[in-house]
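input_8.txt (compact mmCIF, C-alpha atoms) appears below.
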```txt
# COMPACT_ATOMS: atom_id res chain seq x y z
CA ASP C 1 111.76 118.34 121.70
CA ILE C 2 114.17 115.41 121.62
CA GLN C 3 116.44 115.62 118.59
CA MET C 4 117.45 112.43 116.77
CA THR C 5 120.66 112.74 114.75
CA GLN C 6 120.90 109.87 112.28
CA SER C 7 123.95 108.85 110.27
CA PRO C 8 124.98 108.25 107.60
CA ALA C 9 122.52 109.91 105.26
CA SER C 10 123.24 107.25 102.67
CA LEU C 11 125.36 104.18 102.19
CA SER C 12 126.09 101.62 99.55
CA ALA C 13 126.86 98.00 100.31
CA SER C 14 127.08 94.64 98.59
CA LEU C 15 124.92 91.59 99.02
CA GLY C 16 125.99 89.55 102.03
CA GLU C 17 127.71 92.45 103.76
CA THR C 18 126.89 93.90 107.18
CA VAL C 19 125.94 97.55 107.65
CA THR C 20 125.33 99.71 110.69
CA ILE C 21 123.14 102.81 110.96
CA GLU C 22 123.30 105.05 114.00
CA CYS C 23 121.07 107.50 115.83
CA LEU C 24 122.12 109.86 118.57
CA ALA C 25 119.44 111.17 120.91
CA SER C 26 119.82 114.68 122.32
CA GLU C 27 118.91 113.38 125.77
CA ASP C 28 118.32 110.11 127.57
CA ILE C 29 115.38 108.24 125.98
CA TYR C 30 115.73 105.17 128.19
CA SER C 31 115.88 102.66 125.32
CA ASN C 32 112.60 103.96 123.87
CA LEU C 33 113.89 103.80 120.32
CA ALA C 34 112.36 102.25 117.23
CA TRP C 35 113.68 101.54 113.74
CA TYR C 36 111.57 101.54 110.58
CA GLN C 37 112.18 100.47 107.00
CA GLN C 38 110.50 102.37 104.20
CA LYS C 39 110.50 101.43 100.52
CA PRO C 40 109.53 103.90 97.78
CA GLY C 41 105.81 104.58 97.66
CA LYS C 42 105.17 102.50 100.79
CA SER C 43 104.47 103.29 104.41
CA PRO C 44 107.16 102.70 107.05
CA GLN C 45 107.38 99.22 108.53
CA LEU C 46 108.41 98.67 112.14
CA LEU C 47 111.57 96.62 112.50
CA ILE C 48 112.72 97.11 116.08
CA TYR C 49 111.27 98.74 119.18
CA ASP C 50 112.62 99.35 122.69
CA ALA C 51 116.05 99.63 121.07
CA SER C 52 116.59 95.90 120.56
CA SER C 53 113.24 94.05 120.43
CA LEU C 54 112.54 92.54 117.04
CA GLN C 55 109.03 93.09 115.72
CA ASP C 56 107.15 89.90 114.84
CA GLY C 57 107.92 88.71 111.34
CA VAL C 58 111.11 90.73 110.93
CA PRO C 59 114.13 88.65 109.86
CA SER C 60 116.74 88.00 112.53
CA ARG C 61 119.46 89.60 110.39
CA PHE C 62 118.12 92.90 111.73
CA SER C 63 119.28 93.81 115.22
CA GLY C 64 119.37 96.86 117.44
CA SER C 65 121.70 97.94 120.21
CA GLU C 66 122.46 100.94 122.36
CA SER C 67 125.29 102.65 124.18
CA GLY C 68 124.20 105.58 126.27
CA THR C 69 122.23 107.86 124.00
CA GLN C 70 123.67 106.27 120.84
CA TYR C 71 121.51 103.67 119.14
CA SER C 72 122.46 101.36 116.29
CA LEU C 73 120.69 99.25 113.72
CA GLU C 74 122.76 96.44 112.25
CA ILE C 75 121.74 94.51 109.17
CA ASN C 76 123.67 91.29 108.59
CA SER C 77 123.96 89.32 105.38
CA LEU C 78 122.39 92.03 103.24
CA GLN C 79 119.71 90.87 100.86
CA SER C 80 118.44 92.68 97.78
CA GLU C 81 115.12 93.38 99.50
CA ASP C 82 116.92 95.39 102.20
CA ALA C 83 117.41 98.32 99.80
CA ALA C 84 115.28 100.99 101.44
CA THR C 85 115.37 104.07 103.64
CA TYR C 86 115.67 103.49 107.37
CA PHE C 87 114.44 105.83 110.09
CA CYS C 88 114.95 105.89 113.82
CA GLN C 89 112.28 107.30 116.13
CA GLN C 90 112.17 107.97 119.85
CA HIS C 91 109.03 106.79 121.61
CA HIS C 92 110.02 108.09 125.03
CA ASP C 93 108.17 111.39 125.10
CA TYR C 94 105.80 113.51 123.06
CA PRO C 95 106.37 114.97 120.57
CA TYR C 96 107.71 111.73 119.10
CA THR C 97 110.57 112.57 116.76
CA PHE C 98 112.29 110.82 113.87
CA GLY C 99 115.78 110.81 112.47
CA ALA C 100 116.44 112.24 109.02
CA GLY C 101 116.74 108.81 107.45
CA THR C 102 119.45 106.63 105.90
CA LYS C 103 119.11 105.50 102.30
CA LEU C 104 120.65 102.08 101.81
CA GLU C 105 121.62 101.13 98.30
CA LEU C 106 122.71 97.69 97.23
CA LYS C 107 125.63 97.53 94.82
CA GLN U 1 94.05 91.54 111.01
CA VAL U 2 94.88 95.16 111.76
CA THR U 3 94.35 97.61 108.92
CA LEU U 4 94.24 101.39 108.73
CA LYS U 5 93.32 103.56 105.76
CA GLU U 6 93.51 107.30 105.37
CA SER U 7 91.25 109.41 103.22
CA GLY U 8 91.34 113.08 102.35
CA PRO U 9 90.73 115.69 99.66
CA GLY U 10 93.89 115.14 97.60
CA MET U 11 94.29 118.81 96.84
CA LEU U 12 93.19 122.03 98.50
CA GLN U 13 93.94 125.72 98.37
CA PRO U 14 96.08 127.69 100.79
CA SER U 15 94.30 129.05 103.87
CA LYS U 16 91.66 126.28 103.76
CA THR U 17 91.08 123.61 106.37
CA LEU U 18 92.36 120.11 105.67
CA SER U 19 90.15 117.29 106.94
CA LEU U 20 91.51 113.76 107.09
CA THR U 21 89.88 110.49 108.15
CA CYS U 22 91.57 107.33 109.37
CA SER U 23 89.35 104.27 109.18
CA PHE U 24 90.65 101.19 110.92
CA SER U 25 89.74 97.62 111.76
CA GLY U 26 91.22 94.73 113.68
CA PHE U 27 91.39 96.62 116.94
CA SER U 28 89.21 98.91 119.01
CA LEU U 29 90.20 102.35 120.16
CA SER U 30 88.10 101.70 123.27
CA THR U 31 90.66 99.14 124.46
CA SER U 32 92.80 100.41 127.32
CA GLY U 33 96.22 101.53 126.12
CA MET U 34 95.24 101.92 122.50
CA VAL U 35 96.31 105.06 120.67
CA VAL U 36 96.02 106.25 117.06
CA SER U 37 98.42 108.85 115.73
CA TRP U 38 98.84 111.02 112.67
CA ILE U 39 102.24 111.40 111.02
CA ARG U 40 103.16 113.19 107.80
CA GLN U 41 106.02 113.03 105.32
CA PRO U 42 106.82 115.60 102.64
CA SER U 43 108.09 113.97 99.48
CA GLY U 44 111.71 112.87 99.86
CA LYS U 45 111.90 113.98 103.48
CA SER U 46 111.63 112.51 106.94
CA LEU U 47 108.59 111.91 109.10
CA GLU U 48 106.87 114.36 111.42
CA TRP U 49 104.55 113.24 114.20
CA LEU U 50 101.47 115.46 114.35
CA ALA U 51 98.91 114.28 116.87
CA ALA U 52 97.47 111.35 118.77
CA ILE U 53 94.27 110.36 120.52
CA ASP U 54 93.99 107.56 123.04
CA TRP U 55 91.32 105.15 124.20
CA ASP U 56 90.25 107.56 126.94
CA GLY U 57 89.83 110.47 124.54
CA ASP U 58 92.99 112.23 125.67
CA LYS U 59 94.65 114.18 122.88
CA TYR U 60 98.28 114.98 122.22
CA TYR U 61 99.67 117.47 119.72
CA ASN U 62 103.00 118.46 118.26
CA PRO U 63 103.66 121.86 119.87
CA SER U 64 105.00 123.22 116.58
CA LEU U 65 101.55 122.82 115.00
CA LYS U 66 99.25 122.62 118.01
CA SER U 67 97.32 125.81 117.31
CA ARG U 68 96.26 124.46 113.90
CA LEU U 69 95.49 120.84 114.76
CA THR U 70 92.39 119.10 116.05
CA VAL U 71 92.25 115.33 116.49
CA SER U 72 89.02 113.51 117.32
CA LYS U 73 87.41 110.09 117.11
CA ASP U 74 83.96 108.79 116.37
CA THR U 75 81.72 107.23 119.00
CA SER U 76 82.06 103.77 117.47
CA ASN U 77 85.86 103.96 117.95
CA THR U 78 86.54 102.86 114.37
CA GLN U 79 87.56 106.21 112.91
CA VAL U 80 89.94 109.01 113.88
CA PHE U 81 89.93 112.44 112.31
CA LEU U 82 92.47 115.21 111.92
CA LYS U 83 91.80 118.80 110.97
CA ILE U 84 94.55 121.23 110.04
CA THR U 85 93.50 124.84 109.68
CA SER U 86 95.05 127.55 107.53
CA VAL U 87 97.08 125.20 105.34
CA ASP U 88 99.89 126.45 103.18
CA ILE U 89 102.31 124.93 100.67
CA ALA U 90 104.48 123.58 103.51
CA ASP U 91 101.63 121.26 104.49
CA THR U 92 101.97 119.37 101.21
CA ALA U 93 102.83 115.82 102.25
CA THR U 94 101.70 112.24 102.53
CA TYR U 95 99.66 111.85 105.70
CA TYR U 96 99.66 108.58 107.58
CA CYS U 97 97.68 107.29 110.50
CA ALA U 98 99.23 104.60 112.64
CA ARG U 99 98.34 102.49 115.61
CA LEU U 100 100.49 103.27 118.61
CA ILE U 101 101.27 100.50 121.07
CA THR U 102 104.71 101.23 122.51
CA THR U 103 105.42 102.62 119.10
CA PHE U 104 103.85 102.73 115.62
CA ASP U 105 103.31 99.06 114.84
CA TYR U 106 100.71 99.34 112.06
CA TRP U 107 100.48 102.10 109.47
CA GLY U 108 97.98 103.02 106.82
CA GLN U 109 99.00 103.31 103.19
CA GLY U 110 99.00 107.10 103.42
CA VAL U 111 97.09 109.78 101.58
CA MET U 112 98.87 112.39 99.51
CA VAL U 113 97.72 115.96 100.09
CA THR U 114 98.79 118.84 97.87
CA VAL U 115 98.25 122.45 98.85
CA SER U 116 98.19 124.62 95.79
CA SER U 117 96.41 127.66 94.47
```

As structure tokens, what does this structure read like?
Amino acid sequence: DIQMTQSPASLSASLGETVTIECLASEDIYSNLAWYQQKPGKSPQLLIYDASSLQDGVPSRFSGSESGTQYSLEINSLQSEDAATYFCQQHHDYPYTFGAGTKLELK
Amino acid sequence: QVTLKESGPGMLQPSKTLSLTCSFSGFSLSTSGMVVSWIRQPSGKSLEWLAAIDWDGDKYYNPSLKSRLTVSKDTSNTQVFLKITSVDIADTATYYCARLITTFDYWGQGVMVTVSS
């Protein structure tokens, strides 16, 4: 199985700031990486797929990038509604695997 | 409008078989390239992909659970089912079904399943 190591486990930031969440794949996943946002009691919502493609309807302050097997999610100009847990997921090969999650708290 | 909704027993005893149903609309599982997957999430933890079935009836399972899982679909291609045999406390989780096109673009609301004696 492909392992996805996500960091940090949690972070706290202020409104308007920029944060970055990272995921390291245990092998090459050829940009087949997605990011999801999950709020308490809700199902995950797709933000980004193919490492950097923004899902329809997702604000442009969310962006994804990659460097080798390291993938990043950047959230610019943090808004209050961005408080959530974020997960990465590789969609390169079965079994699809997820990162452990990053809980983002707004100060 | 794409929607998915899971249904299940809510609670069951250890060693029993868990049966889940995913009812969906807004797309057809008979369309080439379409896939529906099952994913679960224990409370406060990350997500675990379980199984998938595609438009052609091909099935895919997480090797860690493969011997206990069976995924199927109905002939009208509007429902997908998942059975998990010999459940134990570790199977307590919220179970989601999701449409898979490239990745999981639409999810159901989830159904919470508790395994308890």

Skip Pro8 (chain C) itself and residues of its chain fewer than 3 positions away, then list as a list of chain:residue names all residues within 7 Å of it, counting all atoms listed in the file. C:Leu11, C:Ile21, C:Thr102

Just write the chosen residues, C-alpha atoms, as a compact mmCIF listing (two decimals), keeping the file's coordinate frame.
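Written output follows (out-v2.txt):
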```
# COMPACT_ATOMS: atom_id res chain seq x y z
CA LEU C 11 125.36 104.18 102.19
CA ILE C 21 123.14 102.81 110.96
CA THR C 102 119.45 106.63 105.90
```

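If you look at CA of Ala34 (chain C) and CA of Leu47 (chain C), they are 7.4 Å away from each other.
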
Enumerate as a short mmCIF file (atom, residue, chain, number, x, y, z; two decimals) with C-alpha atoms, in the frame of the given file the residues belonging to chain U that approach chain C to within 12 Å, with all atoms listed in the file taken into account.
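New file selection-v5.cif:
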```cif
data_model
loop_
_atom_site.label_atom_id
_atom_site.label_comp_id
_atom_site.auth_asym_id
_atom_site.auth_seq_id
_atom_site.Cartn_x
_atom_site.Cartn_y
_atom_site.Cartn_z
CA LEU U 4 94.24 101.39 108.73
CA LYS U 5 93.32 103.56 105.76
CA GLU U 6 93.51 107.30 105.37
CA SER U 37 98.42 108.85 115.73
CA TRP U 38 98.84 111.02 112.67
CA ILE U 39 102.24 111.40 111.02
CA ARG U 40 103.16 113.19 107.80
CA GLN U 41 106.02 113.03 105.32
CA SER U 43 108.09 113.97 99.48
CA GLY U 44 111.71 112.87 99.86
CA LYS U 45 111.90 113.98 103.48
CA SER U 46 111.63 112.51 106.94
CA LEU U 47 108.59 111.91 109.10
CA GLU U 48 106.87 114.36 111.42
CA TRP U 49 104.55 113.24 114.20
CA LEU U 50 101.47 115.46 114.35
CA ALA U 51 98.91 114.28 116.87
CA ALA U 52 97.47 111.35 118.77
CA LYS U 59 94.65 114.18 122.88
CA TYR U 60 98.28 114.98 122.22
CA TYR U 61 99.67 117.47 119.72
CA ASN U 62 103.00 118.46 118.26
CA PRO U 63 103.66 121.86 119.87
CA SER U 64 105.00 123.22 116.58
CA LEU U 65 101.55 122.82 115.00
CA LYS U 66 99.25 122.62 118.01
CA THR U 94 101.70 112.24 102.53
CA TYR U 95 99.66 111.85 105.70
CA TYR U 96 99.66 108.58 107.58
CA CYS U 97 97.68 107.29 110.50
CA ALA U 98 99.23 104.60 112.64
CA ARG U 99 98.34 102.49 115.61
CA LEU U 100 100.49 103.27 118.61
CA ILE U 101 101.27 100.50 121.07
CA THR U 102 104.71 101.23 122.51
CA THR U 103 105.42 102.62 119.10
CA PHE U 104 103.85 102.73 115.62
CA ASP U 105 103.31 99.06 114.84
CA TYR U 106 100.71 99.34 112.06
CA TRP U 107 100.48 102.10 109.47
CA GLY U 108 97.98 103.02 106.82
CA GLN U 109 99.00 103.31 103.19
CA GLY U 110 99.00 107.10 103.42
CA VAL U 111 97.09 109.78 101.58
CA MET U 112 98.87 112.39 99.51
#
```

Name the residues within 12 Å of (86.9, 121.8, 102.8), counting all atoms listed in the file in the file's coordinates, and put them as a list in words.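 It turns out the residues near that spot are Gly8, Pro9, Gly10, Met11, Leu12, Gln13, Pro14, Ser15, Lys16, Thr17, Leu18, Ser19, Leu20, Lys83, Ile84, Thr85, Ser86 and Val87 of chain U.
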
Let me make sure I understand: among U:Thr31, U:Thr114, U:Ser23, U:Ala93, which one has the smallest atom-to-atom distance to Val80 (chain U) if we use only C-alpha atoms?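 Distance minimum relative to Val80 (chain U) lands on U:Ser23.
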
Any idea what the distance is between CA of Gln38 (chain C) and CA of Ser10 (chain C)? 13.7 Å

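If you look at CA of Ser76 (chain U) and CA of Ser32 (chain U), they are 15.0 Å away from each other.
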
Residues within 7 Å of (125.5, 91.5, 106.7), counting all atoms listed in the file, listed as a PDB file with C-alpha atoms, in the coordinates of the input:
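As written to disk, selection-v9.pdb reads:
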```pdb
ATOM      1  CA  GLY C  16     125.990  89.550 102.030  1.00  0.00           C
ATOM      2  CA  GLU C  17     127.710  92.450 103.760  1.00  0.00           C
ATOM      3  CA  THR C  18     126.890  93.900 107.180  1.00  0.00           C
ATOM      4  CA  VAL C  19     125.940  97.550 107.650  1.00  0.00           C
ATOM      5  CA  ILE C  75     121.740  94.510 109.170  1.00  0.00           C
ATOM      6  CA  ASN C  76     123.670  91.290 108.590  1.00  0.00           C
ATOM      7  CA  SER C  77     123.960  89.320 105.380  1.00  0.00           C
ATOM      8  CA  LEU C  78     122.390  92.030 103.240  1.00  0.00           C
TER       9      LEU C  78
END
```

So that I can check the surroundings of Thr69 (chain C), please list as a short mmCIF file (atom, residue, chain, number, x, y, z; two decimals) with C-alpha atoms, in the coordinates of the input every protein, DNA and RNA residue that reaches within 9 Å of it, counting all atoms listed in the file and ignoring chain neighbours fewer than 4 positions away.
```
data_model
loop_
_atom_site.label_atom_id
_atom_site.label_comp_id
_atom_site.auth_asym_id
_atom_site.auth_seq_id
_atom_site.Cartn_x
_atom_site.Cartn_y
_atom_site.Cartn_z
CA CYS C 23 121.07 107.50 115.83
CA LEU C 24 122.12 109.86 118.57
CA ALA C 25 119.44 111.17 120.91
CA SER C 26 119.82 114.68 122.32
CA GLU C 27 118.91 113.38 125.77
CA ASP C 28 118.32 110.11 127.57
CA ILE C 29 115.38 108.24 125.98
CA TYR C 30 115.73 105.17 128.19
CA SER C 31 115.88 102.66 125.32
#
```

Nearest residue to Ser7 (chain C) from the set C:Asp82, C:Glu105, C:Ala51, C:Gln70 (distances using only C-alpha atoms):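 Ranking C:Asp82, C:Glu105, C:Ala51, C:Gln70 by distance to Ser7 (chain C), first place goes to C:Gln70.
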
Selection: 8 Å around Ser28 (chain U), all atoms listed in the file, excl. self and same-chain fewer than 6 positions, as an MDAnalysis selection string: chainID U and resid 34 77:78

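Using only C-alpha atoms, the nearest neighbour of Ser60 (chain C) within the list C:Met4, C:Lys107, C:Ala9, C:Leu73 is C:Leu73.
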